[in-house]
>>> print(open('input.txt').read())   # compact mmCIF, C-alpha atoms and all ligand atoms
# COMPACT_ATOMS: atom_id res chain seq x y z
CA MET Z 12 -56.38 -37.30 17.40
CA THR Z 13 -55.31 -35.97 14.04
CA ALA Z 14 -51.63 -35.52 13.55
CA THR Z 15 -50.49 -31.93 13.57
CA LYS Z 16 -47.89 -30.80 11.09
CA LYS Z 17 -45.33 -30.78 13.89
CA ASP Z 18 -45.81 -34.48 14.60
CA THR Z 19 -45.06 -35.43 11.05
CA VAL Z 20 -41.67 -33.65 10.85
CA SER Z 21 -39.00 -36.31 10.35
CA PHE Z 22 -35.23 -36.05 10.30
CA SER Z 23 -33.02 -37.46 7.61
CA PRO Z 24 -30.51 -40.06 8.86
CA GLU Z 25 -27.74 -37.43 8.52
CA GLN Z 26 -29.68 -34.88 10.55
CA ALA Z 27 -30.48 -37.45 13.23
CA LEU Z 28 -26.80 -38.35 13.48
CA LEU Z 29 -25.83 -34.71 13.70
CA LYS Z 30 -28.27 -34.19 16.58
CA GLN Z 31 -26.66 -37.08 18.47
CA THR Z 32 -23.09 -35.90 17.95
CA THR Z 33 -23.51 -32.18 18.55
CA GLY Z 34 -23.59 -31.17 22.15
CA ALA Z 35 -24.68 -27.74 23.24
CA TYR Z 36 -22.75 -25.17 25.25
CA PRO Z 37 -20.74 -25.62 27.46
CA GLN Z 38 -19.48 -28.88 25.87
CA THR Z 39 -19.43 -27.14 22.54
CA ARG Z 40 -17.55 -23.88 22.25
CA LEU Z 41 -17.06 -22.86 18.63
CA ARG Z 42 -14.56 -20.22 19.74
CA ARG Z 43 -12.05 -22.99 20.65
CA LEU Z 44 -11.05 -23.48 17.02
CA ARG Z 45 -10.84 -19.73 16.47
CA SER Z 46 -8.37 -19.16 19.27
CA GLN Z 47 -5.11 -19.26 17.30
CA GLY Z 48 -4.04 -18.41 13.79
CA TRP Z 49 -2.63 -21.81 12.86
CA LEU Z 50 -5.77 -23.49 14.14
CA ARG Z 51 -8.05 -21.18 12.21
CA ASP Z 52 -6.03 -21.94 9.08
CA MET Z 53 -6.14 -25.68 9.77
CA VAL Z 54 -9.93 -25.80 9.91
CA ALA Z 55 -10.58 -23.21 7.20
CA GLU Z 56 -13.32 -24.52 4.93
CA THR Z 57 -12.12 -22.67 1.86
CA LYS Z 58 -8.69 -21.49 0.83
CA LEU Z 59 -7.56 -19.04 -1.75
CA ASP Z 60 -4.58 -20.23 -3.71
CA VAL Z 61 -2.49 -18.34 -6.21
CA THR Z 62 -3.50 -20.97 -8.81
CA ASP Z 63 -7.09 -19.70 -8.50
CA LEU Z 64 -6.14 -16.35 -9.99
CA ILE Z 65 -6.44 -15.04 -13.53
CA TRP Z 66 -5.04 -11.59 -14.24
CA PRO Z 67 -6.86 -9.36 -16.80
CA ALA Z 68 -4.40 -7.11 -18.65
CA PHE Z 69 -4.96 -4.22 -21.06
CA VAL Z 70 -2.72 -3.90 -24.13
CA ILE Z 71 -1.98 -0.74 -26.11
CA GLU Z 72 0.00 0.00 -29.29
CA GLY Z 73 3.43 1.58 -29.03
CA GLU Z 74 6.70 1.02 -27.25
CA ASN Z 75 7.83 1.15 -23.67
CA GLU Z 76 4.70 2.80 -22.36
CA ALA Z 77 2.38 2.26 -19.41
CA GLN Z 78 -0.78 4.36 -19.23
CA ALA Z 79 -2.76 4.73 -16.05
CA VAL Z 80 -6.51 4.01 -16.19
CA SER Z 81 -7.94 6.89 -14.19
CA SER Z 82 -11.12 5.10 -13.11
CA MET Z 83 -9.08 2.08 -11.92
CA PRO Z 84 -6.32 3.45 -9.67
CA GLY Z 85 -3.30 1.14 -9.74
CA VAL Z 86 -4.22 -0.45 -13.07
CA GLU Z 87 -2.19 0.37 -16.18
CA ARG Z 88 -2.44 -0.38 -19.87
CA PHE Z 89 0.82 -1.67 -21.30
CA THR Z 90 2.53 -1.76 -24.67
CA ILE Z 91 3.50 -5.31 -25.64
CA ASP Z 92 7.14 -4.97 -24.54
CA ARG Z 93 6.06 -3.70 -21.12
CA LEU Z 94 3.35 -6.36 -20.86
CA VAL Z 95 6.06 -8.99 -21.18
CA ARG Z 96 7.74 -7.58 -18.07
CA GLU Z 97 4.43 -7.59 -16.19
CA ALA Z 98 3.80 -11.16 -17.31
CA GLU Z 99 7.16 -12.07 -15.85
CA LYS Z 100 6.01 -10.68 -12.48
CA ALA Z 101 2.77 -12.64 -12.77
CA ALA Z 102 4.60 -15.85 -13.68
CA HIS Z 103 7.07 -15.30 -10.86
CA ALA Z 104 4.19 -14.83 -8.42
CA GLY Z 105 2.73 -18.16 -9.56
CA ILE Z 106 -0.33 -16.75 -11.38
CA PRO Z 107 -1.28 -19.42 -13.92
CA ALA Z 108 -3.06 -17.35 -16.57
CA ILE Z 109 -3.56 -13.90 -18.07
CA VAL Z 110 -6.60 -12.67 -19.99
CA LEU Z 111 -5.84 -10.03 -22.62
CA PHE Z 112 -7.92 -7.02 -23.67
CA PRO Z 113 -6.88 -4.65 -26.46
CA THR Z 114 -7.32 -0.90 -26.68
CA THR Z 115 -7.77 -0.64 -30.42
CA PRO Z 116 -6.64 2.67 -31.99
CA GLU Z 117 -9.73 4.65 -33.10
CA GLU Z 118 -8.65 4.62 -36.77
CA LYS Z 119 -8.80 0.82 -36.79
CA LYS Z 120 -12.38 0.64 -35.52
CA THR Z 121 -15.17 0.00 -38.01
CA ALA Z 122 -18.90 -0.68 -37.81
CA ASP Z 123 -18.29 -4.41 -38.37
CA GLY Z 124 -15.22 -4.73 -36.14
CA ALA Z 125 -13.16 -6.37 -38.91
CA GLU Z 126 -9.92 -5.62 -37.02
CA SER Z 127 -10.98 -8.43 -34.66
CA TYR Z 128 -9.95 -11.00 -37.27
CA ASN Z 129 -6.86 -9.25 -38.61
CA PRO Z 130 -4.02 -11.74 -38.00
CA PHE Z 131 -1.65 -8.84 -37.22
CA ASN Z 132 -3.91 -7.08 -34.74
CA LEU Z 133 -2.73 -6.02 -31.30
CA ILE Z 134 -4.08 -9.09 -29.53
CA CYS Z 135 -2.43 -11.54 -31.93
CA ARG Z 136 0.92 -9.78 -31.62
CA ALA Z 137 0.67 -9.65 -27.82
CA LEU Z 138 -0.32 -13.31 -27.76
CA GLN Z 139 2.57 -14.42 -29.97
CA THR Z 140 5.11 -12.39 -27.99
CA LEU Z 141 3.90 -13.63 -24.63
CA LYS Z 142 3.73 -17.23 -25.78
CA ALA Z 143 7.29 -17.03 -27.13
CA GLU Z 144 8.59 -15.60 -23.84
CA TYR Z 145 6.47 -17.61 -21.39
CA PRO Z 146 5.24 -20.79 -23.05
CA ASP Z 147 3.93 -22.12 -19.73
CA MET Z 148 1.80 -19.09 -18.90
CA GLY Z 149 -1.84 -19.68 -19.81
CA ILE Z 150 -3.27 -17.07 -22.16
CA ILE Z 151 -7.00 -16.42 -22.41
CA THR Z 152 -8.41 -14.19 -25.12
CA ASP Z 153 -11.78 -12.47 -25.07
CA VAL Z 154 -14.11 -12.89 -28.01
CA ALA Z 155 -16.53 -9.99 -28.61
CA LEU Z 156 -16.54 -7.10 -31.04
CA ASP Z 157 -16.73 -4.12 -28.66
CA PRO Z 158 -13.01 -3.23 -28.64
CA TYR Z 159 -13.15 -3.07 -32.46
CA THR Z 160 -16.47 -1.43 -33.33
CA THR Z 161 -17.15 2.28 -33.80
CA HIS Z 162 -20.45 1.86 -31.89
CA GLY Z 163 -18.93 -0.03 -28.94
CA HIS Z 164 -21.32 -2.98 -29.12
CA ASP Z 165 -20.28 -6.62 -28.85
CA GLY Z 166 -22.02 -7.57 -32.09
CA LEU Z 167 -23.13 -6.05 -35.41
CA LEU Z 168 -25.53 -3.14 -35.16
CA GLU Z 169 -28.22 -2.58 -37.79
CA ASP Z 170 -31.13 -0.16 -37.50
CA GLY Z 171 -30.60 0.07 -33.76
CA LYS Z 172 -30.60 -3.72 -33.32
CA ILE Z 173 -27.79 -6.13 -32.54
CA LEU Z 174 -27.88 -8.92 -35.11
CA ASN Z 175 -27.37 -12.34 -33.58
CA ASP Z 176 -26.48 -14.87 -36.26
CA GLU Z 177 -24.47 -12.46 -38.40
CA SER Z 178 -22.48 -11.48 -35.29
CA VAL Z 179 -21.81 -15.15 -34.48
CA GLN Z 180 -20.18 -15.58 -37.90
CA ILE Z 181 -17.71 -12.76 -37.22
CA LEU Z 182 -17.10 -14.01 -33.67
CA CYS Z 183 -16.08 -17.38 -35.17
CA LYS Z 184 -13.59 -15.58 -37.42
CA GLN Z 185 -12.27 -13.70 -34.39
CA ALA Z 186 -11.93 -16.91 -32.38
CA LEU Z 187 -10.09 -18.68 -35.23
CA ASN Z 188 -7.77 -15.70 -35.59
CA GLN Z 189 -6.84 -15.96 -31.90
CA ALA Z 190 -6.50 -19.74 -32.16
CA ARG Z 191 -4.04 -19.42 -35.05
CA ALA Z 192 -2.05 -16.90 -33.02
CA GLY Z 193 -1.68 -19.44 -30.23
CA THR Z 194 -4.30 -18.73 -27.57
CA ASP Z 195 -4.98 -21.42 -24.96
CA ILE Z 196 -8.52 -20.49 -24.03
CA ILE Z 197 -11.20 -18.66 -25.96
CA ALA Z 198 -13.55 -16.65 -23.76
CA PRO Z 199 -16.64 -15.44 -25.60
CA SER Z 200 -18.02 -12.42 -23.71
CA ASP Z 201 -20.54 -11.26 -26.31
CA MET Z 202 -23.70 -13.07 -25.10
CA MET Z 203 -25.00 -13.85 -28.60
CA ASP Z 204 -27.19 -16.96 -28.72
CA GLY Z 205 -25.48 -20.04 -30.15
CA ARG Z 206 -21.99 -18.61 -30.24
CA VAL Z 207 -20.36 -21.26 -28.08
CA GLY Z 208 -21.53 -24.10 -30.35
CA ALA Z 209 -20.55 -22.21 -33.49
CA ILE Z 210 -17.09 -21.34 -32.14
CA ARG Z 211 -16.52 -24.94 -30.96
CA GLN Z 212 -17.40 -26.23 -34.40
CA ALA Z 213 -15.19 -23.68 -36.16
CA LEU Z 214 -12.24 -24.51 -33.87
CA ASP Z 215 -12.66 -28.27 -34.30
CA HIS Z 216 -12.96 -27.91 -38.05
CA GLU Z 217 -9.50 -26.30 -38.18
CA GLY Z 218 -7.93 -28.88 -35.87
CA PHE Z 219 -8.05 -26.78 -32.67
CA GLN Z 220 -9.80 -29.46 -30.61
CA ASP Z 221 -7.54 -28.75 -27.64
CA ILE Z 222 -8.32 -25.07 -27.31
CA ALA Z 223 -10.75 -24.73 -24.42
CA ILE Z 224 -13.76 -22.44 -24.22
CA MET Z 225 -14.41 -20.43 -21.08
CA SER Z 226 -17.80 -18.97 -21.75
CA TYR Z 227 -19.08 -15.82 -20.13
CA ALA Z 228 -22.28 -17.78 -19.63
CA ALA Z 229 -24.12 -15.56 -17.17
CA LYS Z 230 -23.03 -12.07 -18.05
CA TYR Z 231 -25.30 -9.37 -16.71
CA ALA Z 232 -26.04 -5.93 -18.17
CA SER Z 233 -24.13 -4.25 -15.38
CA CYS Z 234 -23.02 -0.72 -14.59
CA PHE Z 235 -19.96 -2.23 -12.90
CA TYR Z 236 -18.23 -2.48 -16.32
CA GLY Z 237 -17.88 1.32 -16.56
CA PRO Z 238 -14.16 1.59 -15.75
CA PHE Z 239 -13.32 -1.28 -18.15
CA ARG Z 240 -15.06 0.55 -20.96
CA ASP Z 241 -12.84 3.55 -20.16
CA ALA Z 242 -9.78 1.32 -20.29
CA VAL Z 243 -10.52 -0.21 -23.70
CA GLY Z 244 -12.02 3.01 -25.02
CA SER Z 245 -15.49 1.66 -25.82
CA ASN Z 246 -17.37 3.93 -23.41
CA ALA Z 247 -17.37 7.19 -25.31
CA ALA Z 248 -18.71 5.57 -28.44
CA LEU Z 249 -21.23 3.19 -26.88
CA LYS Z 250 -24.66 3.87 -28.25
CA GLY Z 251 -27.43 2.81 -25.90
CA ASP Z 252 -26.99 -0.08 -23.52
CA LYS Z 253 -26.36 -3.82 -23.83
CA LYS Z 254 -29.64 -4.98 -22.33
CA THR Z 255 -30.82 -6.83 -25.44
CA TYR Z 256 -27.96 -9.31 -25.12
CA GLN Z 257 -26.56 -9.15 -21.58
CA MET Z 258 -28.76 -10.52 -18.80
CA ASN Z 259 -31.25 -8.70 -16.62
CA PRO Z 260 -29.83 -8.39 -13.07
CA ALA Z 261 -33.25 -9.47 -11.79
CA ASN Z 262 -32.87 -13.04 -13.11
CA THR Z 263 -31.52 -16.28 -11.68
CA ASP Z 264 -33.29 -19.13 -13.50
CA GLU Z 265 -32.27 -17.63 -16.79
CA ALA Z 266 -28.60 -17.88 -15.73
CA LEU Z 267 -29.05 -21.64 -15.29
CA ARG Z 268 -30.56 -21.89 -18.76
CA GLU Z 269 -27.63 -19.92 -20.22
CA VAL Z 270 -25.13 -22.23 -18.51
CA ALA Z 271 -27.00 -25.39 -19.55
CA LEU Z 272 -26.97 -24.27 -23.18
CA ASP Z 273 -23.31 -23.26 -23.14
CA LEU Z 274 -22.25 -26.58 -21.61
CA GLN Z 275 -24.35 -28.43 -24.16
CA GLU Z 276 -22.72 -26.41 -26.92
CA GLY Z 277 -19.25 -27.38 -25.73
CA ALA Z 278 -18.14 -24.84 -23.13
CA ASP Z 279 -15.42 -26.34 -20.91
CA MET Z 280 -15.77 -23.74 -18.18
CA VAL Z 281 -18.42 -21.19 -17.36
CA MET Z 282 -18.16 -17.73 -15.90
CA VAL Z 283 -20.41 -15.42 -13.95
CA LYS Z 284 -19.90 -11.69 -14.36
CA PRO Z 285 -19.85 -9.39 -12.41
CA GLY Z 286 -18.82 -11.26 -9.27
CA MET Z 287 -19.64 -9.82 -5.88
CA PRO Z 288 -23.25 -8.77 -6.60
CA TYR Z 289 -23.93 -12.22 -8.12
CA LEU Z 290 -22.61 -14.71 -5.56
CA ASP Z 291 -26.01 -16.41 -5.41
CA ILE Z 292 -25.79 -17.11 -9.13
CA ILE Z 293 -22.31 -18.63 -8.76
CA HIS Z 294 -23.50 -20.85 -5.95
CA ARG Z 295 -26.55 -22.04 -7.83
CA ILE Z 296 -24.59 -22.72 -11.02
CA LYS Z 297 -21.86 -24.65 -9.22
CA SER Z 298 -24.29 -26.76 -7.22
CA THR Z 299 -26.49 -27.47 -10.24
CA PHE Z 300 -23.87 -28.35 -12.86
CA ASN Z 301 -20.65 -29.13 -10.96
CA ALA Z 302 -18.73 -27.76 -13.92
CA PRO Z 303 -15.59 -25.61 -13.63
CA THR Z 304 -17.03 -22.25 -12.59
CA PHE Z 305 -15.31 -18.88 -12.62
CA ALA Z 306 -16.20 -15.37 -11.54
CA TYR Z 307 -15.03 -12.10 -12.99
CA GLN Z 308 -14.47 -9.52 -10.27
CA VAL Z 309 -14.97 -6.69 -12.73
CA SER Z 310 -13.51 -3.22 -13.10
CA GLY Z 311 -16.20 -1.48 -11.04
CA GLU Z 312 -15.74 -3.92 -8.17
CA TYR Z 313 -12.00 -3.33 -8.22
CA ALA Z 314 -12.55 0.45 -8.34
CA MET Z 315 -14.93 0.27 -5.35
CA LEU Z 316 -12.33 -1.48 -3.22
CA LYS Z 317 -9.38 0.59 -4.39
CA ILE Z 318 -11.03 3.99 -4.15
CA ALA Z 319 -12.62 3.22 -0.78
CA ALA Z 320 -9.14 2.25 0.44
CA GLN Z 321 -7.61 5.43 -0.95
CA GLN Z 322 -10.24 7.37 0.99
CA GLY Z 323 -9.19 5.54 4.13
CA CYS Z 324 -12.51 3.67 4.41
CA LEU Z 325 -10.99 0.18 4.37
CA ASP Z 326 -7.77 -1.72 3.95
CA TYR Z 327 -7.38 -2.69 0.29
CA GLU Z 328 -5.54 -5.96 0.74
CA HIS Z 329 -7.84 -7.25 3.48
CA ALA Z 330 -10.92 -6.23 1.53
CA LEU Z 331 -9.57 -7.89 -1.60
CA MET Z 332 -8.79 -11.11 0.27
CA GLU Z 333 -12.23 -11.16 1.89
CA SER Z 334 -13.96 -10.57 -1.43
CA LEU Z 335 -11.96 -13.32 -3.14
CA LEU Z 336 -12.77 -15.77 -0.35
CA SER Z 337 -16.45 -15.05 -0.91
CA PHE Z 338 -16.04 -16.36 -4.46
CA LYS Z 339 -14.40 -19.54 -3.20
CA ARG Z 340 -17.16 -20.02 -0.64
CA ALA Z 341 -19.79 -19.56 -3.33
CA GLY Z 342 -18.16 -22.38 -5.32
CA CYS Z 343 -15.73 -20.76 -7.73
CA ASP Z 344 -12.82 -22.72 -9.13
CA GLY Z 345 -11.06 -19.54 -10.14
CA ILE Z 346 -11.41 -15.76 -10.24
CA LEU Z 347 -10.50 -13.13 -12.78
CA THR Z 348 -9.36 -10.13 -10.76
CA TYR Z 349 -7.41 -6.93 -11.38
CA GLY Z 350 -5.99 -7.50 -7.90
CA ALA Z 351 -4.33 -10.79 -8.94
CA LEU Z 352 -0.76 -9.52 -8.58
CA ASP Z 353 -1.51 -7.70 -5.32
CA ILE Z 354 -3.10 -10.73 -3.71
CA ALA Z 355 -0.49 -13.15 -5.10
CA LYS Z 356 2.13 -11.20 -3.16
CA THR Z 357 0.10 -11.46 0.04
CA LEU Z 358 -0.47 -15.18 -0.48
CA THR Z 359 3.17 -15.99 -1.07
CA GLN Z 360 4.36 -13.86 1.88
CA LYS Z 361 2.05 -15.69 4.25
C1 LIG Z 401 -16.75 -6.88 -23.51
C2 LIG Z 401 -16.30 -7.06 -22.10
C3 LIG Z 401 -16.65 -6.24 -21.03
C4 LIG Z 401 -15.93 -6.70 -19.94
C5 LIG Z 401 -15.19 -7.81 -20.35
N1 LIG Z 401 -15.45 -8.04 -21.70
C6 LIG Z 401 -17.48 -5.03 -20.95
C7 LIG Z 401 -18.84 -5.00 -21.50
O1 LIG Z 401 -19.50 -6.04 -21.66
O2 LIG Z 401 -19.29 -3.91 -21.78
C8 LIG Z 401 -15.98 -6.07 -18.58
C9 LIG Z 401 -14.86 -6.36 -17.65
C10 LIG Z 401 -14.76 -5.43 -16.51
O3 LIG Z 401 -15.61 -4.57 -16.26
O4 LIG Z 401 -13.76 -5.55 -15.81
N2 LIG Z 401 -17.40 -7.85 -24.15
>>> encode(input="input.txt", output="structure tokens", more="lines below")
Ligand code: PBG
Amino acid sequence: MTATKKDTVSFSPEQALLKQTTGAYPQTRLRRLRSQGWLRDMVAETKLDVTDLIWPAFVIEGENEAQAVSSMPGVERFTIDRLVREAEKAAHAGIPAIVLFPTTPEEKKTADGAESYNPFNLICRALQTLKAEYPDMGIITDVALDPYTTHGHDGLLEDGKILNDESVQILCKQALNQARAGTDIIAPSDMMDGRVGAIRQALDHEGFQDIAIMSYAAKYASCFYGPFRDAVGSNAALKGDKKTYQMNPANTDEALREVALDLQEGADMVMVKPGMPYLDIIHRIKSTFNAPTFAYQVSGEYAMLKIAAQQGCLDYEHALMESLLSFKRAGCDGILTYGALDIAKTLTQK
């Protein structure tokens, strides 16, 4: 008799062992370990810790001012002096790092985004002030030209095209400017080819070997960035979309290629962005490379949770916790989230 496919199925030693040790109902009742809170916590497979959180903060010029971001209820943009007070809250809550985004005054924006490498720009001043006040708080700075360009793109625009190599040169100047001002981590979010390697080389050349690179390796051309673009003021000006440099939401393999290249070029950590719609990408990246992997729960994701909660559709804190656990389950080492301070409070009260 010829062997059917079924006959040839074989179990791995691990699977065979599992079959022997797992009884069926009624010996096995999975509800036993769900019966009490302490027990559920004890056998929890993933845990969210305050040290997993990175808080993205928006900085504006001026004094003693906090401006609401209308598309992100609960999020404010702060002048540097006010940001210091917020950083104190974050430090007190145990949040290890802040990522800074500037709202550049319109009169300082140019086609080439030269303000990005002005040593006295808003980001450098915020960085220096925060570092002086809270030397132990990690500061991450974003590298991309969109907060500084009149056209709102992350790179140089010429005849309707985003120039790659010319943009990389300016991004290196921007990264060095932030390094000199004392940043801990450079996070290139521009998606130009070759920028991680070029930035690494530029940093090393000036003696900044210890500044780490957290690359936005798999950054998708997503509509979930809308509220962020309101917050930094790049929305109104943005001509066209970012599809020639940010990734197509249809792709997975390409994300692995992006990560492989960034790691090869010297990225210390990689990021997936947005977060919730891309959990499969996070999982695949973590299991393929085993490198420190982060997710950015972006502005639109935050707005979805917050506005749904305001409408009485769900409980904000529970929804936030559940969404952040999904990142941990998918394999994230850390998460950038606008809800960092909210969730830190919940975690420490527990
Ligand atoms: C810009 C940048 C963006 C975000 C972080 N850095 C927006 C964009 O690419 O247009 C989005 C963050 C968010 O939506 O919260 N390079």
>>> residues_near_ligand(input="input.txt", ligand="ligand LIG 401 (chain Z)", cutoff="9 Å", atoms="all atoms listed in the file", output="PyMOL selection string")
chain Z and resi 67+112+153-158+163-165+199-202+227+230-240+243+245-246+249+252-253+257+284-285+307-313+347-349
>>> write_last_selection(input="input.txt", atoms="C-alpha atoms", output="tab-separated table (two decimals), in the frame of the given file")
chain	number	residue	atom	x	y	z
Z	67	PRO	CA	-6.86	-9.36	-16.80
Z	112	PHE	CA	-7.92	-7.02	-23.67
Z	153	ASP	CA	-11.78	-12.47	-25.07
Z	154	VAL	CA	-14.11	-12.89	-28.01
Z	155	ALA	CA	-16.53	-9.99	-28.61
Z	156	LEU	CA	-16.54	-7.10	-31.04
Z	157	ASP	CA	-16.73	-4.12	-28.66
Z	158	PRO	CA	-13.01	-3.23	-28.64
Z	163	GLY	CA	-18.93	-0.03	-28.94
Z	164	HIS	CA	-21.32	-2.98	-29.12
Z	165	ASP	CA	-20.28	-6.62	-28.85
Z	199	PRO	CA	-16.64	-15.44	-25.60
Z	200	SER	CA	-18.02	-12.42	-23.71
Z	201	ASP	CA	-20.54	-11.26	-26.31
Z	202	MET	CA	-23.70	-13.07	-25.10
Z	227	TYR	CA	-19.08	-15.82	-20.13
Z	230	LYS	CA	-23.03	-12.07	-18.05
Z	231	TYR	CA	-25.30	-9.37	-16.71
Z	232	ALA	CA	-26.04	-5.93	-18.17
Z	233	SER	CA	-24.13	-4.25	-15.38
Z	234	CYS	CA	-23.02	-0.72	-14.59
Z	235	PHE	CA	-19.96	-2.23	-12.90
Z	236	TYR	CA	-18.23	-2.48	-16.32
Z	237	GLY	CA	-17.88	1.32	-16.56
Z	238	PRO	CA	-14.16	1.59	-15.75
Z	239	PHE	CA	-13.32	-1.28	-18.15
Z	240	ARG	CA	-15.06	0.55	-20.96
Z	243	VAL	CA	-10.52	-0.21	-23.70
Z	245	SER	CA	-15.49	1.66	-25.82
Z	246	ASN	CA	-17.37	3.93	-23.41
Z	249	LEU	CA	-21.23	3.19	-26.88
Z	252	ASP	CA	-26.99	-0.08	-23.52
Z	253	LYS	CA	-26.36	-3.82	-23.83
Z	257	GLN	CA	-26.56	-9.15	-21.58
Z	284	LYS	CA	-19.90	-11.69	-14.36
Z	285	PRO	CA	-19.85	-9.39	-12.41
Z	307	TYR	CA	-15.03	-12.10	-12.99
Z	308	GLN	CA	-14.47	-9.52	-10.27
Z	309	VAL	CA	-14.97	-6.69	-12.73
Z	310	SER	CA	-13.51	-3.22	-13.10
Z	311	GLY	CA	-16.20	-1.48	-11.04
Z	312	GLU	CA	-15.74	-3.92	-8.17
Z	313	TYR	CA	-12.00	-3.33	-8.22
Z	347	LEU	CA	-10.50	-13.13	-12.78
Z	348	THR	CA	-9.36	-10.13	-10.76
Z	349	TYR	CA	-7.41	-6.93	-11.38
>>> residues_near_point(input="input.txt", point="(-15.5, -22.4, 1.0)", cutoff="9 Å", atoms="only C-alpha atoms", output="count of residues only")
12
>>> axis_aligned_box(input="input.txt", around="region 37-55 of chain Z", padding_each_side="4 Å", output="lines of an AutoDock Vina configuration file")
center_x = -11.7
center_y = -23.6
center_z = 17.3
size_x = 26.1
size_y = 18.5
size_z = 28.3
>>> atom_distance(input="input.txt", atom1="CA of Gly286 (chain Z)", atom2="CA of Val86 (chain Z)")
18.6 Å
>>> atom_distance(input="input.txt", atom1="CA of Ala271 (chain Z)", atom2="CA of Ala186 (chain Z)")
21.5 Å
>>> closest_residue(input="input.txt", among="Z:Ala192, Z:Ile292, Z:Ala77, Z:Leu50", to="Gln139 (chain Z)", atoms="all atoms listed in the file")
Z:Ala192
>>> residues_around(input="input.txt", residues="Thr263 (chain Z)", least_positions_apart="6", cutoff="10 Å", atoms="only C-alpha atoms", output="ChimeraX atom specification")
/Z:229,289,291-293,295-296
>>> closest_residue(input="input.txt", among="Z:Ile65, Z:Met287, Z:Ala213, Z:Leu41", to="Ala330 (chain Z)", atoms="all atoms listed in the file")
Z:Met287
>>> atom_distance(input="input.txt", atom1="CA of Gln322 (chain Z)", atom2="CA of Ala242 (chain Z)")
22.1 Å
>>> residues_around(input="input.txt", residues="Ile106 (chain Z)", least_positions_apart="2", cutoff="10 Å", atoms="only C-alpha atoms", output="MDAnalysis selection string")
chainID Z and resid 60:66 98:104 108:109 148:149 351:352 355
>>> closest_residue(input="input.txt", among="Z:Asp326, Z:Gly350, Z:Ala223, Z:Arg211", to="Pro303 (chain Z)", atoms="all atoms listed in the file")
Z:Ala223
>>> residues_around(input="input.txt", residues="Glu269 (chain Z)", least_positions_apart="4", cutoff="8 Å", atoms="only C-alpha atoms", output="number ranges by chain")
Z: 228-229, 265, 273
